[in-house]
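K.L.:
Next comes target10.pdb, PDB, C-alpha atoms:
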ATOM      1  CA  MET X  44     -34.024  -8.440  -9.149
ATOM      2  CA  THR X  45     -32.802  -8.773 -12.748
ATOM      3  CA  SER X  46     -29.737  -6.725 -11.937
ATOM      4  CA  ARG X  47     -28.902  -9.001  -9.024
ATOM      5  CA  ALA X  48     -29.434 -12.082 -11.162
ATOM      6  CA  LEU X  49     -27.237 -10.638 -13.891
ATOM      7  CA  GLU X  50     -24.488  -9.884 -11.407
ATOM      8  CA  GLN X  51     -24.639 -13.411 -10.048
ATOM      9  CA  PHE X  52     -24.543 -14.826 -13.544
ATOM     10  CA  LEU X  53     -21.558 -12.706 -14.609
ATOM     11  CA  ALA X  54     -19.700 -13.524 -11.400
ATOM     12  CA  SER X  55     -20.325 -17.217 -12.024
ATOM     13  CA  VAL X  56     -18.831 -17.225 -15.530
ATOM     14  CA  GLU X  57     -16.169 -14.497 -15.496
ATOM     15  CA  LYS X  58     -13.162 -16.604 -14.479
ATOM     16  CA  ARG X  59     -13.795 -19.386 -16.961
ATOM     17  CA  ALA X  60     -14.669 -16.820 -19.623
ATOM     18  CA  PHE X  61     -11.337 -15.128 -18.995
ATOM     19  CA  LYS X  62      -9.481 -18.414 -19.267
ATOM     20  CA  ILE X  63     -11.248 -19.238 -22.547
ATOM     21  CA  ALA X  64     -10.406 -15.795 -23.938
ATOM     22  CA  GLN X  65      -6.845 -16.059 -22.674
ATOM     23  CA  LEU X  66      -6.360 -19.387 -24.456
ATOM     24  CA  GLY X  67      -7.846 -17.981 -27.648
ATOM     25  CA  LEU X  68      -5.981 -14.680 -27.644
ATOM     26  CA  ARG X  69      -2.771 -15.591 -25.759
ATOM     27  CA  ASN X  70      -2.780 -12.181 -24.101
ATOM     28  CA  ASP X  71      -4.194 -11.288 -20.693
ATOM     29  CA  ASP X  72      -5.127  -7.691 -21.467
ATOM     30  CA  ASP X  73      -6.891  -8.644 -24.681
ATOM     31  CA  ALA X  74      -8.679 -11.443 -22.832
ATOM     32  CA  LEU X  75      -9.898  -9.038 -20.164
ATOM     33  CA  ASP X  76     -11.099  -6.621 -22.836
ATOM     34  CA  ALA X  77     -12.961  -9.417 -24.606
ATOM     35  CA  VAL X  78     -14.667 -10.542 -21.406
ATOM     36  CA  GLN X  79     -15.655  -6.999 -20.461
ATOM     37  CA  ASP X  80     -17.047  -6.335 -23.940
ATOM     38  CA  ALA X  81     -19.047  -9.562 -23.793
ATOM     39  CA  MET X  82     -20.398  -8.638 -20.364
ATOM     40  CA  MET X  83     -21.465  -5.198 -21.572
ATOM     41  CA  LYS X  84     -23.072  -6.536 -24.707
ATOM     42  CA  LEU X  85     -24.993  -9.165 -22.764
ATOM     43  CA  VAL X  86     -26.222  -6.666 -20.184
ATOM     44  CA  GLN X  87     -27.200  -4.007 -22.710
ATOM     45  CA  SER X  88     -28.709  -6.177 -25.405
ATOM     46  CA  TYR X  89     -29.877  -9.362 -23.720
ATOM     47  CA  GLY X  90     -30.252  -8.552 -20.029
ATOM     48  CA  SER X  91     -34.022  -8.636 -20.331
ATOM     49  CA  ARG X  92     -34.003 -12.145 -21.814
ATOM     50  CA  ASN X  93     -34.812 -15.228 -19.792
ATOM     51  CA  SER X  94     -31.833 -15.980 -17.550
ATOM     52  CA  GLU X  95     -31.603 -19.507 -18.946
ATOM     53  CA  GLU X  96     -30.579 -17.986 -22.263
ATOM     54  CA  TRP X  97     -27.752 -15.905 -20.846
ATOM     55  CA  ARG X  98     -25.002 -18.514 -20.817
ATOM     56  CA  PRO X  99     -25.089 -19.567 -24.485
ATOM     57  CA  LEU X 100     -25.678 -15.943 -25.492
ATOM     58  CA  PHE X 101     -22.747 -14.736 -23.405
ATOM     59  CA  TYR X 102     -20.391 -17.330 -24.876
ATOM     60  CA  ARG X 103     -21.652 -16.594 -28.388
ATOM     61  CA  ILE X 104     -20.815 -12.918 -27.869
ATOM     62  CA  LEU X 105     -17.458 -13.783 -26.336
ATOM     63  CA  ALA X 106     -16.575 -16.129 -29.204
ATOM     64  CA  ASN X 107     -17.432 -13.437 -31.750
ATOM     65  CA  ARG X 108     -15.393 -10.902 -29.822
ATOM     66  CA  ILE X 109     -12.376 -13.222 -29.670
ATOM     67  CA  HIS X 110     -12.681 -13.840 -33.406
ATOM     68  CA  ASP X 111     -12.916 -10.098 -34.123
ATOM     69  CA  MET X 112      -9.841  -9.415 -32.013
ATOM     70  CA  GLN X 113      -7.873 -12.152 -33.752
ATOM     71  CA  ARG X 114      -8.756 -10.676 -37.161
ATOM     72  CA  ARG X 115      -8.041  -7.127 -36.001
ATOM     73  CA  ARG X 116      -4.689  -8.239 -34.659
ATOM     74  CA  THR X 117      -3.826  -9.449 -38.147
ATOM     75  CA  VAL X 118      -4.729  -6.058 -39.659
ATOM     76  CA  ARG X 119      -2.865  -4.214 -36.942
ATOM     77  CA  GLY X 120       0.192  -6.364 -37.624
ATOM     78  CA  ARG X 121       0.084  -5.420 -41.289
ATOM     79  CA  ILE X 122      -0.182  -1.715 -40.536
ATOM     80  CA  MET X 123       2.583  -1.868 -37.954
ATOM     81  CA  ALA X 124       4.766  -3.652 -40.506
ATOM     82  CA  TRP X 125       4.284  -0.711 -42.861
ATOM     83  CA  LEU X 126       5.459   1.808 -40.280
ATOM     84  CA  PRO X 127       9.242   2.030 -39.949
ATOM     85  CA  MET X 128      11.021   1.445 -36.637
ATOM     86  CA  ARG X 129       7.910   1.049 -34.510
ATOM     87  CA  THR X 130       6.940  -1.882 -32.294
ATOM     88  CA  ASP X 131       3.937  -2.740 -30.149
ATOM     89  CA  ASP X 132       6.134  -3.155 -27.105
ATOM     90  CA  GLU X 133       7.613   0.323 -26.875
ATOM     91  CA  ASP X 134       5.174   1.651 -24.328
ATOM     92  CA  GLU X 135       4.787  -1.525 -22.307
ATOM     93  CA  GLU X 136       6.335  -1.713 -18.876
ATOM     94  CA  TYR X 137       7.021  -4.796 -16.820
ATOM     95  CA  ASP X 138       4.463  -5.051 -14.056
ATOM     96  CA  PRO X 139       5.587  -7.403 -11.267
ATOM     97  CA  VAL X 140       2.146  -7.392  -9.655
ATOM     98  CA  ALA X 141       0.545  -8.626 -12.849
ATOM     99  CA  GLN X 142       3.124 -11.391 -13.153
ATOM    100  CA  ALA X 143       2.849 -12.557  -9.548
ATOM    101  CA  PRO X 144       1.088 -15.904  -9.039
ATOM    102  CA  SER X 145      -1.434 -16.550  -6.293
ATOM    103  CA  PRO X 146       0.365 -17.286  -3.015
ATOM    104  CA  GLU X 147      -1.646 -20.156  -1.457
ATOM    105  CA  VAL X 148       0.008 -23.227  -3.056
ATOM    106  CA  THR X 149       3.175 -24.958  -1.820
ATOM    107  CA  PRO X 150       6.206 -24.864  -4.148
ATOM    108  CA  ALA X 151       6.164 -28.611  -4.902
ATOM    109  CA  ARG X 152       2.472 -28.638  -5.637
ATOM    110  CA  ARG X 153       2.845 -25.463  -7.672
ATOM    111  CA  LEU X 154       5.497 -27.085  -9.853
ATOM    112  CA  GLU X 155       3.303 -30.098 -10.489
ATOM    113  CA  ILE X 156       0.303 -27.932 -11.313
ATOM    114  CA  ASP X 157       2.400 -25.593 -13.443
ATOM    115  CA  GLU X 158       3.583 -28.488 -15.573
ATOM    116  CA  ALA X 159       0.108 -29.911 -16.031
ATOM    117  CA  ILE X 160      -1.448 -26.530 -16.783
ATOM    118  CA  GLY X 161       1.325 -25.523 -19.144
ATOM    119  CA  THR X 162       1.190 -28.763 -21.086
ATOM    120  CA  LEU X 163      -2.583 -28.739 -21.368
ATOM    121  CA  GLU X 164      -2.872 -25.078 -22.282
ATOM    122  CA  VAL X 165      -0.286 -25.337 -25.041
ATOM    123  CA  ALA X 166      -2.099 -28.362 -26.434
ATOM    124  CA  ILE X 167      -5.441 -26.522 -26.325
ATOM    125  CA  GLN X 168      -3.975 -23.416 -27.955
ATOM    126  CA  GLU X 169      -2.728 -25.531 -30.837
ATOM    127  CA  LEU X 170      -6.146 -26.999 -31.578
ATOM    128  CA  PRO X 171      -7.999 -25.564 -34.582
ATOM    129  CA  PRO X 172     -10.229 -22.688 -33.360
ATOM    130  CA  ARG X 173     -13.556 -24.506 -33.657
ATOM    131  CA  GLN X 174     -12.225 -27.587 -31.894
ATOM    132  CA  GLN X 175     -10.760 -25.386 -29.171
ATOM    133  CA  GLN X 176     -14.087 -23.629 -28.768
ATOM    134  CA  ALA X 177     -16.095 -26.852 -28.646
ATOM    135  CA  PHE X 178     -13.727 -28.427 -26.147
ATOM    136  CA  LEU X 179     -13.679 -25.437 -23.787
ATOM    137  CA  LEU X 180     -17.420 -24.844 -23.900
ATOM    138  CA  ARG X 181     -18.344 -28.498 -23.458
ATOM    139  CA  ASN X 182     -15.631 -29.767 -21.148
ATOM    140  CA  PHE X 183     -14.593 -26.668 -19.208
ATOM    141  CA  GLU X 184     -17.686 -24.476 -19.133
ATOM    142  CA  GLY X 185     -19.987 -27.485 -18.994
ATOM    143  CA  LEU X 186     -22.460 -26.424 -21.665
ATOM    144  CA  ASP X 187     -24.539 -29.240 -23.107
ATOM    145  CA  VAL X 188     -24.476 -30.003 -26.820
ATOM    146  CA  ALA X 189     -27.482 -27.789 -27.616
ATOM    147  CA  GLU X 190     -26.099 -24.836 -25.636
ATOM    148  CA  THR X 191     -22.691 -25.262 -27.227
ATOM    149  CA  ALA X 192     -24.269 -25.330 -30.687
ATOM    150  CA  SER X 193     -26.111 -22.112 -29.852
ATOM    151  CA  ALA X 194     -22.940 -20.485 -28.541
ATOM    152  CA  MET X 195     -20.913 -21.572 -31.570
ATOM    153  CA  GLY X 196     -23.614 -20.811 -34.111
ATOM    154  CA  CYS X 197     -23.523 -24.275 -35.638
ATOM    155  CA  SER X 198     -25.435 -27.545 -35.583
ATOM    156  CA  GLU X 199     -25.327 -30.019 -32.713
ATOM    157  CA  GLY X 200     -23.763 -32.526 -35.089
ATOM    158  CA  SER X 201     -20.901 -30.122 -35.770
ATOM    159  CA  VAL X 202     -20.376 -29.625 -32.057
ATOM    160  CA  LYS X 203     -20.096 -33.364 -31.555
ATOM    161  CA  THR X 204     -17.621 -33.660 -34.407
ATOM    162  CA  HIS X 205     -15.453 -30.758 -33.243
ATOM    163  CA  TYR X 206     -15.501 -31.994 -29.670
ATOM    164  CA  PHE X 207     -14.640 -35.561 -30.631
ATOM    165  CA  ARG X 208     -11.726 -34.417 -32.789
ATOM    166  CA  ALA X 209     -10.476 -32.096 -30.066
ATOM    167  CA  LEU X 210     -10.545 -34.913 -27.544
ATOM    168  CA  GLU X 211      -8.744 -37.236 -29.923
ATOM    169  CA  SER X 212      -6.018 -34.662 -30.577
ATOM    170  CA  LEU X 213      -5.561 -33.893 -26.901
ATOM    171  CA  ARG X 214      -5.590 -37.531 -25.912
ATOM    172  CA  ALA X 215      -2.999 -38.348 -28.571
ATOM    173  CA  ARG X 216      -0.799 -35.535 -27.347
ATOM    174  CA  LEU X 217      -1.375 -35.739 -23.593
ATOM    175  CA  GLY X 218      -2.181 -39.376 -23.061
ATOM    176  CA  GLU X 219       1.273 -40.061 -21.676
ATOM    177  CA  VAL X 220       1.100 -37.115 -19.285
ATOM    178  CA  PHE X 221      -2.518 -37.299 -18.215
TER     179      PHE X 221
ATOM    180  CA  MET H 150      -3.376 -41.333 -15.666
ATOM    181  CA  SER H 151      -5.652 -43.831 -17.292
ATOM    182  CA  HIS H 152      -6.076 -42.529 -20.770
ATOM    183  CA  GLU H 153      -7.905 -45.730 -21.681
ATOM    184  CA  ASP H 154     -10.954 -44.281 -19.957
ATOM    185  CA  PRO H 155     -12.264 -41.365 -22.016
ATOM    186  CA  GLY H 156     -14.322 -40.053 -19.118
ATOM    187  CA  GLU H 157     -11.284 -40.000 -16.888
ATOM    188  CA  PHE H 158      -9.274 -38.043 -19.436
ATOM    189  CA  GLU H 159     -12.014 -35.448 -19.813
ATOM    190  CA  LYS H 160     -12.334 -35.199 -16.051
ATOM    191  CA  ARG H 161      -8.597 -34.749 -15.626
ATOM    192  CA  THR H 162      -8.354 -31.984 -18.244
ATOM    193  CA  ARG H 163     -11.307 -30.213 -16.661
ATOM    194  CA  GLU H 164      -9.679 -30.403 -13.232
ATOM    195  CA  VAL H 165      -6.442 -28.926 -14.556
ATOM    196  CA  LEU H 166      -8.283 -26.069 -16.242
ATOM    197  CA  GLU H 167     -10.278 -25.440 -13.061
ATOM    198  CA  GLU H 168      -7.023 -25.366 -11.117
ATOM    199  CA  SER H 169      -5.581 -22.893 -13.583
ATOM    200  CA  THR H 170      -8.645 -20.698 -13.171
ATOM    201  CA  ALA H 171      -8.518 -20.929  -9.386
ATOM    202  CA  ARG H 172      -4.947 -19.640  -9.498
ATOM    203  CA  LEU H 173      -5.706 -16.441 -11.384
ATOM    204  CA  ASP H 174      -3.739 -13.600  -9.817
ATOM    205  CA  GLY H 175      -5.331 -10.887  -7.711
ATOM    206  CA  ARG H 176      -4.962  -8.215 -10.343
ATOM    207  CA  THR H 177      -6.847 -10.240 -12.919
ATOM    208  CA  LEU H 178      -9.611 -11.049 -10.433
ATOM    209  CA  SER H 179      -9.865  -7.384  -9.505
ATOM    210  CA  ARG H 180     -10.107  -6.352 -13.139
ATOM    211  CA  LEU H 181     -12.791  -8.960 -13.775
ATOM    212  CA  THR H 182     -14.795  -7.561 -10.870
ATOM    213  CA  GLN H 183     -14.358  -4.046 -12.240
ATOM    214  CA  ALA H 184     -15.448  -5.243 -15.676
ATOM    215  CA  ARG H 185     -18.568  -6.821 -14.195
ATOM    216  CA  HIS H 186     -19.487  -3.657 -12.306
ATOM    217  CA  ALA H 187     -18.842  -1.512 -15.379
ATOM    218  CA  ALA H 188     -21.110  -3.768 -17.436
ATOM    219  CA  LEU H 189     -23.886  -3.671 -14.858
ATOM    220  CA  GLU H 190     -23.722   0.118 -14.787
ATOM    221  CA  LYS H 191     -24.641   0.053 -18.472
ATOM    222  CA  GLN H 192     -27.877  -1.772 -17.768
ATOM    223  CA  GLY H 193     -30.870   0.146 -19.096
ATOM    224  CA  ARG H 194     -28.720   2.761 -20.807
ATOM    225  CA  PRO H 195     -29.166   3.375 -24.529
ATOM    226  CA  ALA H 196     -26.463   2.249 -26.899
ATOM    227  CA  ARG H 197     -23.866   4.752 -28.127
ATOM    228  CA  PRO H 198     -25.412   7.632 -30.172
ATOM    229  CA  ALA H 199     -25.255   7.086 -33.925
ATOM    230  CA  TRP H 200     -23.031  10.094 -34.582
ATOM    231  CA  ARG H 201     -20.366   8.630 -32.310
ATOM    232  CA  THR H 202     -20.284   5.459 -34.362
ATOM    233  CA  VAL H 203     -20.353   7.021 -37.823
ATOM    234  CA  MET H 204     -17.768   9.779 -37.424
ATOM    235  CA  PRO H 205     -14.827   7.725 -36.094
ATOM    236  CA  LEU H 206     -15.529   4.960 -38.592
ATOM    237  CA  GLY H 207     -15.427   7.510 -41.398
ATOM    238  CA  ALA H 208     -12.113   8.864 -40.145
ATOM    239  CA  ALA H 209     -10.628   5.391 -39.910
ATOM    240  CA  ALA H 210     -11.904   4.437 -43.358
ATOM    241  CA  ALA H 211     -10.442   7.661 -44.786
ATOM    242  CA  GLY H 212      -7.073   6.769 -43.290
ATOM    243  CA  VAL H 213      -7.101   3.321 -44.812
ATOM    244  CA  LEU H 214      -8.261   4.785 -48.139
ATOM    245  CA  ALA H 215      -5.255   7.100 -48.061
ATOM    246  CA  VAL H 216      -3.043   4.039 -47.686
ATOM    247  CA  VAL H 217      -4.741   2.397 -50.649
ATOM    248  CA  MET H 218      -4.134   5.489 -52.786
ATOM    249  CA  ILE H 219      -0.483   5.672 -51.789
ATOM    250  CA  THR H 220       0.326   2.015 -52.212
ATOM    251  CA  GLY H 221      -2.072   1.075 -54.993
ATOM    252  CA  PRO H 222      -1.136   0.491 -58.647
ATOM    253  CA  GLY H 223       0.739   3.565 -59.885
ATOM    254  CA  GLY H 224       1.201   4.855 -56.354
ATOM    255  CA  GLU H 225       4.524   5.871 -54.891
ATOM    256  CA  GLY H 226       4.770   3.945 -51.656
ATOM    257  CA  THR H 227       5.596   0.527 -52.977
ATOM    258  CA  ALA H 228       7.693  -0.228 -49.924
ATOM    259  CA  LEU H 229       4.573  -0.349 -47.819
ATOM    260  CA  GLY H 230       3.347  -3.680 -49.168
ATOM    261  CA  PRO H 231       0.953  -5.061 -51.737
ATOM    262  CA  ALA H 232      -2.060  -2.930 -52.593
ATOM    263  CA  ASN H 233      -4.403  -5.896 -52.304
ATOM    264  CA  SER H 234      -3.606  -6.197 -48.610
ATOM    265  CA  ALA H 235      -4.788  -2.646 -48.006
ATOM    266  CA  VAL H 236      -8.002  -3.323 -49.910
ATOM    267  CA  ASP H 237      -8.555  -6.453 -47.838
ATOM    268  CA  ASP H 238      -8.008  -4.419 -44.700
ATOM    269  CA  LEU H 239     -10.562  -1.841 -45.799
ATOM    270  CA  GLU H 240     -13.083  -4.609 -46.384
ATOM    271  CA  LEU H 241     -12.300  -6.093 -43.013
ATOM    272  CA  LEU H 242     -12.745  -2.794 -41.206
ATOM    273  CA  SER H 243     -16.049  -2.066 -42.906
ATOM    274  CA  ASP H 244     -17.163  -5.647 -42.264
ATOM    275  CA  ALA H 245     -16.566  -5.646 -38.506
ATOM    276  CA  PRO H 246     -19.743  -4.626 -36.664
ATOM    277  CA  ASP H 247     -18.006  -4.373 -33.290
ATOM    278  CA  PHE H 248     -15.235  -2.213 -34.648
ATOM    279  CA  VAL H 249     -17.093   0.983 -33.891
ATOM    280  CA  ASP H 250     -17.436   0.017 -30.242
ATOM    281  CA  ASP H 251     -13.719  -0.020 -29.633
ATOM    282  CA  GLY H 252     -12.382   3.465 -29.046
ATOM    283  CA  GLU H 253      -8.861   2.197 -28.502
ATOM    284  CA  ASP H 254      -8.674   0.696 -31.972
ATOM    285  CA  LEU H 255     -10.197   3.767 -33.558
ATOM    286  CA  GLU H 256      -7.502   5.860 -31.956
ATOM    287  CA  PHE H 257      -4.908   3.434 -33.235
ATOM    288  CA  TYR H 258      -6.127   3.541 -36.837
ATOM    289  CA  GLU H 259      -6.437   7.321 -36.740
ATOM    290  CA  TRP H 260      -2.914   7.526 -35.413
ATOM    291  CA  ALA H 261      -1.644   5.039 -38.011
ATOM    292  CA  ALA H 262      -3.305   6.988 -40.814
ATOM    293  CA  GLY H 263      -1.635  10.172 -39.567
ATOM    294  CA  GLU H 264       1.749   8.454 -39.412
ATOM    295  CA  ILE H 265       1.433   7.232 -42.977
ATOM    296  CA  GLU H 266       0.270  10.598 -44.290
ATOM    297  CA  SER H 267       3.063  12.517 -42.531
TER     298      SER H 267
END
Kindly return the structure encoded in the file as structure tokens.
P.N.:
Amino acid sequence: MTSRALEQFLASVEKRAFKIAQLGLRNDDDALDAVQDAMMKLVQSYGSRNSEEWRPLFYRILANRIHDMQRRRTVRGRIMAWLPMRTDDEDEEYDPVAQAPSPEVTPARRLEIDEAIGTLEVAIQELPPRQQQAFLLRNFEGLDVAETASAMGCSEGSVKTHYFRALESLRARLGEVF
Amino acid sequence: MSHEDPGEFEKRTREVLEESTARLDGRTLSRLTQARHAALEKQGRPARPAWRTVMPLGAAAAGVLAVVMITGPGGEGTALGPANSAVDDLELLSDAPDFVDDGEDLEFYEWAAGEIES
């Protein structure tokens, strides 16, 4: 019963969690790793908790994981800079399947959506991390203020401030487009 | 759109993000499903044994320590960067609780330490 409920919960959040991680890390593979790590941590450490607690816990774990990966990326960059004539891209191959978009949308509609998504995602990526987090958890994931505060590890007042500032920044930047 | 209405702006941004999520490619969706199944398989299993967390961390820390010794004050490898950066890195590695859960990164740091020593 718990296993089934956990599966349903993870299935319900995995796409939005991936998008949040993707916006934070700007890399699909890293985003997938972050989501999988968060799923495993939730299942192993908090699976027995009340299911109402899972969502803020899951996003708290994911946020910590994204933060860890961002810091580790900085360290990795320093070490790679020390090593002569090596790059991160040497072993990477172009994968056309991974780059292929979903096929259901018409070209005209796709162009319109592409522009809107691209503009919004760039604007979100350029928000300060805490504002980005507050905006995505509140607006996109739909957590309430208390859940967002739990997920972010801060007070509800801070959530409101971060969210308000994020909205102001996005509105100032996207008001003409949106 | 009507950016004079705050609710409308929030609604519009949410719709665009939802659309972006709905258009995730098949490979990503497949990998998310695999990740979910892999996580559920871990349910009820004990966490990684302690020896598996301590030994790789020690090896990684030793590698970073070697870098500190090479590049620190009086060391030879001044081309590798400021010594303080290496000390900061050591603190960061020892400060990251999830570090020991990531085998890929452990392999990377072990490899990097070997490259520097060779």
K.L.:
Running the ChimeraX specification (/H :<8) & /X on this model by hand, what would come out? Give it as a count of residues only.
P.N.:
41
K.L.:
If you apply the PyMOL selection byres ((chain X and resi 96) around 12) to this file, what residues do you get, as a list in words?
P.N.:
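When the PyMOL selection byres ((chain X and resi 96) around 12) is applied, the selected residues are Leu49, Phe52, Leu85, Tyr89, Gly90, Ser91, Arg92, Asn93, Ser94, Glu95, Trp97, Arg98, Pro99, Leu100, Phe101, Tyr102, Arg103, Leu186, Ala189, Glu190, Thr191, Ser193 and Ala194 of chain X.
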K.L.:
What is the distance, in Å and to one decimal place, between atom CA of X:Gln174 and atom CA of X:Ile63?
P.N.:
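Separation of atom CA of X:Gln174 and atom CA of X:Ile63: 12.6 Å.
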K.L.:
Kindly give the distance, in Å, that separates atom CA of X:Glu199 and atom CA of X:Arg69, rounded to a single decimal.
P.N.:
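One can read the atom CA of X:Glu199 to atom CA of X:Arg69 distance as 27.7 Å.
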K.L.:
Which value, in Å to one decimal, gives the distance between atom CA of X:Ala60 and atom CA of X:Asp73?
P.N.:
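That distance, rounded to one decimal, is 12.4 Å.
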